[in-house]
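Data block for run-v5.pdb (PDB, C-alpha atoms and all ligand atoms):
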```
ATOM      1  CA  MET K   1     -37.355  98.139 -57.082
ATOM      2  CA  VAL K   2     -34.766  96.567 -54.844
ATOM      3  CA  GLY K   3     -36.300  93.475 -53.271
ATOM      4  CA  PHE K   4     -36.410  92.639 -49.620
ATOM      5  CA  LEU K   5     -34.995  89.140 -50.125
ATOM      6  CA  LYS K   6     -31.255  88.855 -50.385
ATOM      7  CA  ILE K   7     -29.918  85.674 -51.951
ATOM      8  CA  ARG K   8     -26.137  85.366 -52.110
ATOM      9  CA  GLU K   9     -24.270  83.410 -54.745
ATOM     10  CA  ASN K  10     -22.502  80.151 -53.948
ATOM     11  CA  ILE K  11     -23.996  79.096 -50.657
ATOM     12  CA  TRP K  12     -26.510  76.336 -50.133
ATOM     13  CA  TYR K  13     -29.851  77.578 -48.860
ATOM     14  CA  GLU K  14     -32.976  75.591 -48.086
ATOM     15  CA  ALA K  15     -36.422  76.356 -49.488
ATOM     16  CA  ILE K  16     -39.678  74.630 -50.332
ATOM     17  CA  ILE K  17     -40.205  74.124 -54.040
ATOM     18  CA  SER K  18     -43.720  74.158 -55.439
ATOM     19  CA  ALA K  19     -45.409  73.175 -58.672
ATOM     20  CA  MET K  20     -48.687  71.686 -59.816
ATOM     21  CA  ALA K  21     -48.952  67.875 -59.897
ATOM     22  CA  ASP K  22     -52.131  66.430 -61.431
ATOM     23  CA  GLU K  23     -53.806  69.801 -60.914
ATOM     24  CA  LYS K  24     -52.932  69.779 -57.217
ATOM     25  CA  PRO K  25     -50.292  71.932 -55.498
ATOM     26  CA  TYR K  26     -47.176  69.946 -54.560
ATOM     27  CA  PHE K  27     -44.539  71.103 -52.074
ATOM     28  CA  THR K  28     -41.114  69.636 -51.213
ATOM     29  CA  PRO K  29     -38.124  71.018 -49.305
ATOM     30  CA  LEU K  30     -34.945  71.211 -51.369
ATOM     31  CA  GLY K  31     -31.523  72.782 -51.020
ATOM     32  CA  PHE K  32     -30.602  75.385 -53.653
ATOM     33  CA  ARG K  33     -27.563  77.350 -54.684
ATOM     34  CA  VAL K  34     -27.227  80.296 -57.076
ATOM     35  CA  VAL K  35     -24.223  80.430 -59.402
ATOM     36  CA  ASN K  36     -23.981  83.270 -61.960
ATOM     37  CA  ASN K  37     -27.692  83.924 -61.536
ATOM     38  CA  VAL K  38     -28.590  80.298 -62.256
ATOM     39  CA  VAL K  39     -30.409  78.333 -59.529
ATOM     40  CA  LYS K  40     -29.060  74.812 -59.039
ATOM     41  CA  LEU K  41     -30.911  71.955 -57.354
ATOM     42  CA  ARG K  42     -29.819  68.392 -56.627
ATOM     43  CA  VAL K  43     -32.684  65.956 -56.297
ATOM     44  CA  TYR K  44     -32.476  62.231 -55.568
ATOM     45  CA  SER K  45     -33.570  60.443 -58.759
ATOM     46  CA  SER K  46     -35.748  58.154 -56.648
ATOM     47  CA  ALA K  47     -37.816  61.064 -55.224
ATOM     48  CA  LYS K  48     -41.236  61.858 -56.684
ATOM     49  CA  THR K  49     -40.122  65.461 -56.798
ATOM     50  CA  SER K  50     -37.544  64.551 -59.409
ATOM     51  CA  SER K  51     -40.205  63.390 -61.917
ATOM     52  CA  LEU K  52     -42.380  66.359 -61.009
ATOM     53  CA  LEU K  53     -39.557  68.787 -61.817
ATOM     54  CA  ALA K  54     -38.874  66.895 -65.026
ATOM     55  CA  MET K  55     -42.485  67.563 -66.107
ATOM     56  CA  ASN K  56     -42.790  71.242 -65.105
ATOM     57  CA  SER K  57     -40.838  74.032 -66.758
ATOM     58  CA  GLU K  58     -41.892  76.777 -64.343
ATOM     59  CA  VAL K  59     -41.623  76.262 -60.579
ATOM     60  CA  VAL K  60     -41.358  78.377 -57.427
ATOM     61  CA  LEU K  61     -38.902  78.391 -54.545
ATOM     62  CA  ASN K  62     -40.799  79.401 -51.413
ATOM     63  CA  ILE K  63     -38.324  81.114 -49.104
ATOM     64  CA  THR K  64     -39.018  80.181 -45.495
ATOM     65  CA  ASP K  65     -37.422  79.089 -42.241
ATOM     66  CA  ASP K  66     -40.662  77.830 -40.719
ATOM     67  CA  PRO K  67     -40.063  74.329 -39.269
ATOM     68  CA  PHE K  68     -43.772  73.464 -39.488
ATOM     69  CA  LEU K  69     -43.861  74.126 -43.244
ATOM     70  CA  TYR K  70     -40.746  71.964 -43.668
ATOM     71  CA  PHE K  71     -42.346  69.237 -41.557
ATOM     72  CA  LEU K  72     -45.619  69.142 -43.517
ATOM     73  CA  SER K  73     -43.946  69.262 -46.928
ATOM     74  CA  THR K  74     -41.346  66.597 -46.075
ATOM     75  CA  PHE K  75     -43.761  64.126 -44.492
ATOM     76  CA  LYS K  76     -46.714  64.535 -46.841
ATOM     77  CA  GLU K  77     -48.028  60.993 -46.381
ATOM     78  CA  GLU K  78     -47.687  61.013 -42.607
ATOM     79  CA  THR K  79     -49.221  64.483 -42.092
ATOM     80  CA  GLY K  80     -51.582  65.053 -45.021
ATOM     81  CA  GLY K  81     -49.253  67.778 -46.310
ATOM     82  CA  ILE K  82     -49.687  71.551 -46.435
ATOM     83  CA  PRO K  83     -53.329  72.498 -45.705
ATOM     84  CA  LYS K  84     -55.277  74.257 -48.500
ATOM     85  CA  GLU K  85     -55.709  77.439 -46.428
ATOM     86  CA  GLU K  86     -51.942  77.934 -46.449
ATOM     87  CA  VAL K  87     -51.680  77.854 -50.248
ATOM     88  CA  GLY K  88     -52.012  80.816 -52.609
ATOM     89  CA  PHE K  89     -51.323  81.249 -56.329
ATOM     90  CA  ILE K  90     -49.030  83.565 -58.264
ATOM     91  CA  GLU K  91     -49.510  83.484 -62.033
ATOM     92  CA  GLY K  92     -51.126  80.060 -61.750
ATOM     93  CA  LEU K  93     -48.282  78.620 -59.667
ATOM     94  CA  PRO K  94     -48.960  77.397 -56.118
ATOM     95  CA  VAL K  95     -47.128  79.241 -53.316
ATOM     96  CA  LEU K  96     -46.962  79.111 -49.531
ATOM     97  CA  LEU K  97     -48.777  82.114 -48.070
ATOM     98  CA  LYS K  98     -46.457  82.109 -45.048
ATOM     99  CA  ALA K  99     -43.209  82.274 -47.062
ATOM    100  CA  TYR K 100     -41.010  85.406 -46.862
ATOM    101  CA  GLY K 101     -40.969  85.518 -50.637
ATOM    102  CA  TYR K 102     -40.908  83.594 -53.874
ATOM    103  CA  VAL K 103     -38.358  82.886 -56.586
ATOM    104  CA  ILE K 104     -40.217  82.149 -59.825
ATOM    105  CA  MET K 105     -37.945  80.225 -62.149
ATOM    106  CA  ARG K 106     -37.808  78.559 -65.544
ATOM    107  CA  LYS K 107     -35.980  75.305 -66.298
ATOM    108  CA  LYS K 108     -32.797  75.720 -68.300
ATOM    109  CA  LYS K 109     -30.908  72.426 -68.085
ATOM    110  CA  VAL K 110     -31.234  68.942 -66.575
ATOM    111  CA  SER K 111     -28.373  66.497 -66.102
ATOM    112  CA  GLN K 112     -28.262  63.096 -64.490
ATOM    113  CA  GLN K 113     -25.458  62.345 -62.071
ATOM    114  CA  GLU K 114     -25.005  59.065 -60.234
ATOM    115  CA  ARG K 115     -28.055  58.997 -57.956
ATOM    116  CA  VAL K 116     -29.154  62.599 -58.263
ATOM    117  CA  VAL K 117     -30.610  64.762 -60.984
ATOM    118  CA  LEU K 118     -29.127  68.234 -61.309
ATOM    119  CA  PHE K 119     -31.726  70.835 -62.333
ATOM    120  CA  GLU K 120     -30.748  74.344 -63.418
ATOM    121  CA  TYR K 121     -33.138  77.289 -63.626
ATOM    122  CA  ASP K 122     -33.122  80.885 -64.812
ATOM    123  CA  ILE K 123     -34.624  83.304 -62.311
ATOM    124  CA  GLU K 124     -37.663  85.006 -63.829
ATOM    125  CA  LYS K 125     -38.782  87.030 -60.847
ATOM    126  CA  ILE K 126     -38.210  87.390 -57.122
ATOM    127  CA  ILE K 127     -41.348  88.462 -55.273
ATOM    128  CA  ASP K 128     -41.441  89.611 -51.641
ATOM    129  CA  ASN K 129     -44.299  88.752 -49.328
ATOM    130  CA  PRO K 130     -45.279  92.178 -47.920
ATOM    131  CA  SER K 131     -46.670  90.619 -44.724
ATOM    132  CA  PHE K 132     -43.080  90.096 -43.600
ATOM    133  CA  TYR K 133     -41.790  93.654 -44.115
ATOM    134  CA  THR K 134     -42.130  94.340 -40.415
ATOM    135  CA  SER K 135     -41.638  90.939 -38.888
ATOM    136  CA  ILE K 136     -38.038  89.805 -39.178
ATOM    137  CA  GLU K 137     -37.101  87.542 -36.272
ATOM    138  CA  PRO K 138     -33.727  87.055 -34.582
ATOM    139  CA  TYR K 139     -31.727  83.918 -35.388
ATOM    140  CA  SER K 140     -33.158  81.002 -33.472
ATOM    141  CA  ARG K 141     -31.340  77.757 -32.696
ATOM    142  CA  CYS K 142     -34.712  76.268 -31.773
ATOM    143  CA  ARG K 143     -36.134  76.774 -35.280
ATOM    144  CA  THR K 144     -32.859  75.949 -37.032
ATOM    145  CA  PHE K 145     -32.311  72.686 -35.194
ATOM    146  CA  LEU K 146     -35.934  71.651 -35.629
ATOM    147  CA  ILE K 147     -35.291  71.898 -39.373
ATOM    148  CA  GLU K 148     -32.067  69.870 -38.891
ATOM    149  CA  MET K 149     -34.152  67.209 -37.107
ATOM    150  CA  ILE K 150     -36.535  67.132 -40.094
ATOM    151  CA  ILE K 151     -33.636  66.772 -42.544
ATOM    152  CA  TYR K 152     -32.143  63.816 -40.626
ATOM    153  CA  ALA K 153     -35.573  62.262 -40.066
ATOM    154  CA  SER K 154     -36.176  62.313 -43.830
ATOM    155  CA  LYS K 155     -32.774  60.720 -44.463
ATOM    156  CA  ILE K 156     -33.511  58.021 -41.864
ATOM    157  CA  ARG K 157     -36.927  57.344 -43.446
ATOM    158  CA  ASP K 158     -35.400  57.006 -46.928
ATOM    159  CA  VAL K 159     -32.331  54.964 -45.931
ATOM    160  CA  SER K 160     -34.006  52.650 -43.394
ATOM    161  CA  ILE K 161     -35.738  50.761 -46.225
ATOM    162  CA  LEU K 162     -32.459  50.011 -48.020
ATOM    163  CA  PRO K 163     -30.375  46.929 -47.154
ATOM    164  CA  GLY K 164     -26.863  47.199 -45.641
ATOM    165  CA  THR K 165     -27.064  50.831 -44.559
ATOM    166  CA  GLY K 166     -26.434  50.357 -40.807
ATOM    167  CA  ASP K 167     -23.422  52.703 -40.555
ATOM    168  CA  LEU K 168     -25.115  55.443 -42.520
ATOM    169  CA  LEU K 169     -28.259  55.097 -40.404
ATOM    170  CA  ASN K 170     -26.173  55.349 -37.218
ATOM    171  CA  SER K 171     -24.515  58.533 -38.375
ATOM    172  CA  PHE K 172     -27.885  60.089 -39.335
ATOM    173  CA  LYS K 173     -29.310  59.023 -35.962
ATOM    174  CA  LYS K 174     -26.386  60.708 -34.156
ATOM    175  CA  SER K 175     -26.999  63.977 -36.003
ATOM    176  CA  PHE K 176     -30.731  63.671 -35.318
ATOM    177  CA  ASP K 177     -30.124  63.123 -31.582
ATOM    178  CA  TYR K 178     -27.669  66.028 -31.385
ATOM    179  CA  SER K 179     -30.210  68.312 -33.067
ATOM    180  CA  TYR K 180     -32.834  67.115 -30.577
ATOM    181  CA  GLU K 181     -30.528  68.071 -27.675
ATOM    182  CA  ILE K 182     -30.264  71.640 -28.973
ATOM    183  CA  VAL K 183     -34.016  71.786 -29.577
ATOM    184  CA  ALA K 184     -34.679  70.522 -26.044
ATOM    185  CA  LYS K 185     -32.482  73.327 -24.660
ATOM    186  CA  THR K 186     -33.797  76.162 -26.832
ATOM    187  CA  CYS K 187     -37.462  75.496 -27.708
ATOM    188  CA  MET K 188     -39.833  76.358 -24.873
ATOM    189  CA  GLY K 189     -43.078  76.620 -26.855
ATOM    190  CA  GLN K 190     -45.626  73.794 -26.794
ATOM    191  CA  ALA K 191     -45.937  73.551 -30.576
ATOM    192  CA  GLU K 192     -42.170  73.262 -31.085
ATOM    193  CA  ILE K 193     -41.781  70.680 -28.311
ATOM    194  CA  TRP K 194     -44.679  68.710 -29.810
ATOM    195  CA  LEU K 195     -42.964  68.746 -33.225
ATOM    196  CA  ALA K 196     -39.634  67.544 -31.780
ATOM    197  CA  ASN K 197     -41.319  64.668 -29.939
ATOM    198  CA  ARG K 198     -43.426  63.727 -32.978
ATOM    199  CA  LEU K 199     -40.234  63.527 -35.060
ATOM    200  CA  LYS K 200     -38.610  61.342 -32.391
ATOM    201  CA  GLU K 201     -41.566  58.934 -32.513
ATOM    202  CA  MET K 202     -41.525  58.783 -36.307
ATOM    203  CA  VAL K 203     -37.781  58.066 -36.329
ATOM    204  CA  SER K 204     -38.092  55.288 -33.697
ATOM    205  CA  ASP K 205     -40.814  53.678 -35.824
ATOM    206  CA  TRP K 206     -38.642  53.734 -38.951
ATOM    207  CA  LEU K 207     -35.647  52.357 -37.050
ATOM    208  CA  ARG K 208     -37.699  49.540 -35.529
ATOM    209  CA  LYS K 209     -38.845  48.266 -38.960
TER     210      LYS K 209
HETATM  211  C1  LIG B 301     -34.511  71.371 -45.329
HETATM  212  C2  LIG B 301     -34.549  70.181 -46.251
HETATM  213  C3  LIG B 301     -33.756  70.163 -47.388
HETATM  214  C4  LIG B 301     -33.791  69.088 -48.284
HETATM  215  N1  LIG B 301     -33.016  69.125 -49.415
HETATM  216  C5  LIG B 301     -33.092  68.122 -50.322
HETATM  217  C6  LIG B 301     -32.347  68.197 -51.551
HETATM  218  O1  LIG B 301     -31.623  69.169 -51.825
HETATM  219  N2  LIG B 301     -32.478  67.178 -52.438
HETATM  220  C7  LIG B 301     -33.291  66.095 -52.189
HETATM  221  O2  LIG B 301     -33.373  65.208 -53.054
HETATM  222  N3  LIG B 301     -33.995  65.993 -51.015
HETATM  223  C8  LIG B 301     -33.920  66.984 -50.092
HETATM  224  N4  LIG B 301     -34.640  66.910 -48.918
HETATM  225  C9  LIG B 301     -35.472  65.718 -48.670
HETATM  226  C10 LIG B 301     -36.803  65.771 -49.387
HETATM  227  O3  LIG B 301     -37.462  66.995 -49.181
HETATM  228  C11 LIG B 301     -37.709  64.672 -48.819
HETATM  229  O4  LIG B 301     -37.095  63.433 -49.034
HETATM  230  C12 LIG B 301     -39.106  64.696 -49.410
HETATM  231  O5  LIG B 301     -39.912  63.858 -48.625
HETATM  232  C13 LIG B 301     -39.148  64.210 -50.853
HETATM  233  O6  LIG B 301     -40.485  64.317 -51.295
HETATM  234  P1  LIG B 301     -41.067  63.392 -52.455
HETATM  235  O7  LIG B 301     -41.006  61.983 -51.948
HETATM  236  O8  LIG B 301     -42.443  63.905 -52.630
HETATM  237  O9  LIG B 301     -40.203  63.610 -53.649
HETATM  238  C14 LIG B 301     -34.621  67.973 -48.007
HETATM  239  C15 LIG B 301     -35.415  67.979 -46.851
HETATM  240  C16 LIG B 301     -35.380  69.064 -45.970
HETATM  241  C17 LIG B 301     -36.234  69.053 -44.738
END
```
Take the structure in this file and express it as structure tokens.
Amino acid sequence: MVGFLKIRENIWYEAIISAMADEKPYFTPLGFRVVNNVVKLRVYSSAKTSSLLAMNSEVVLNITDDPFLYFLSTFKEETGGIPKEEVGFIEGLPVLLKAYGYVIMRKKKVSQQERVVLFEYDIEKIIDNPSFYTSIEPYSRCRTFLIEMIIYASKIRDVSILPGTGDLLNSFKKSFDYSYEIVAKTCMGQAEIWLANRLKEMVSDWLRK
């Protein structure tokens, strides 16, 4: 059967990776790229996710563009993470019930680069989520730039604790503020506006420290 998800080769996509950690589901947003049918990930060696991926041979990429899922899985400590009701299981692996679909993959190769670990996976299966067959949405700058805000907020959180990173922090803050401008122009819903303002507060706290 031809699947509903189309994943092109050689472009970076974003997804939320999932695996079990101490018998609990664990979710983290990561960029991924497919080259000759092999999925490539680059994970900061300092991230917990890096040791989690080192321990698990089978993991899932949850395909989604939902800013709230990215928010909860990026800021697990601050938010309590993805609620139990939003988690399902496929062949014993945790998945996000609201994802468009799932890429089940098996680890093939791991290599350490300077500050990142490069993980490579063979694709075992791509599974569609049938609840989305009739609910494709138009492209939305609101949702896209909310995710950009989350990306820059996570960079600011991680870099603000390192010494001598003022210039880098400034450039992340600029990108964060620009993304906020687009969000402010294009998101009219209460939930989205709440998320943008929550991210702004979190970033000001990290920058104040
Ligand atoms: C859309 C998106 C994409 C991301 N891509 C990556 C990535 O490719 N590699 C990485 O190391 N971190 C990436 N991050 C940041 C991590 O998800 C973030 O630092 C997370 O909090 C790490 O979780 P951990 O501390 O549990 O490992 C991304 C974040 C977002 C929102």
Ranking K:Lys173, K:Lys40, K:Lys24, K:Arg33 by minimum distance to Ile7 of chain K and counting all atoms listed in the file, which one comes first? K:Arg33
How far is it from atom C13 of ligand LIG 301 (chain B) to atom CA of Lys6 of chain K, in Å with one decimal?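 Going from atom C13 of ligand LIG 301 (chain B) over to atom CA of Lys6 of chain K covers 25.9 Å.
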As a PyMOL selection string, please: the residues near Ala153 of chain K (cut-off 10 Å, only C-alpha atoms, same-chain neighbours under 3 positions excluded). chain K and resi 71+74-75+147-150+156-159+172-173+175-176+199-200+202-204+206
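Among the candidates K:Gln112, K:Asn129, K:Ser57, K:Thr144, the one nearest to ligand LIG 301 (chain B) when counting all atoms listed in the file is K:Thr144.
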Run through the PyMOL selection byres (((not hetatm)) within 6 of (chain B and resi 301)) on the given coordinates and return the selected residues as a ChimeraX atom specification. /K:14,28-31,42-44,47-49,70,74-75,150-151,154
Applied to the shown file, which residues does the PyMOL selection byres (((chain K and resi 62) around 6) and not hetatm) return, written as number ranges by chain? K: 15-17, 61, 63, 99, 102
Distance atom CA of Val117 of chain K-atom CA of Arg143 of chain K, one decimal place?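 For atom CA of Val117 of chain K relative to atom CA of Arg143 of chain K, the distance reads 28.9 Å.
You will find atom CA of Phe68 of chain K at 18.9 Å from atom CA of Asp177 of chain K.
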Counting all atoms listed in the file, write as a PyMOL selection string all protein and nucleic acid residues lying at most 12 Å from (-23.9, 78.6, -52.0) in the file's frame. chain K and resi 7-14+31-41
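Closest to Glu91 of chain K among K:Lys76, K:Lys125, K:Lys155, K:Arg141 is K:Lys125, based on all atoms listed in the file.
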I'd like the residues picked by the PyMOL selection byres (((chain K and resi 192) around 9) and not hetatm) written out as an MDAnalysis selection string, using the chain letters and numbers from the file. chainID K and resid 67:68 142:143 146 183 187:191 193:197
So which one's closest to Tyr133 of chain K, K:Arg198, K:Leu72, K:Ser111, K:Gly101? Using all atoms listed in the file, please. K:Gly101
If we count all atoms listed in the file and set the cut-off at 9 Å, which residues sit around Ile126 of chain K, ignoring sequence neighbours fewer than 5 positions away in its own chain? Please answer as a list in words. Gly3, Leu5, Gly101, Tyr102, Val103, Ile104 and Met105 of chain K
Leaving out Ile82 of chain K and any residue of its chain fewer than 2 positions from it, which residues lie within 7 Å of it when counting all atoms listed in the file, given as a PyMOL selection string? chain K and resi 72-73+80+84+86
Could you pull out every residue with an atom within 10 Å of (-48.7, 74.0, -59.5), file coordinates, counting all atoms listed in the file, and send them as a list in words? Ser18, Ala19, Met20, Ala21, Asp22, Glu23, Lys24, Pro25, Tyr26, Phe27, Asn56, Glu58, Val59, Val60, Phe89, Ile90, Glu91, Gly92, Leu93, Pro94 and Val95 of chain K
Edge lengths and centre in Å, axis-aligned, segment 42-50 of chain K plus 8 Å each side, as AutoDock Vina command-line options:
```
--center_x -35.5 --center_y 63.3 --center_z -57.3 --size_x 27.4 --size_y 26.2 --size_z 20.2
```
I need the residue nearest Phe4 of chain K from this list: K:Ile127, K:Leu169, K:Met55, K:Leu162. Use all atoms listed in the file for the distance. K:Ile127
Nearest to Thr134 of chain K: which of K:Phe119, K:Tyr100, K:Ser160, K:Leu69 is it, counting all atoms listed in the file?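 Going through K:Phe119, K:Tyr100, K:Ser160, K:Leu69 one by one, the smallest distance to Thr134 of chain K is for K:Tyr100.
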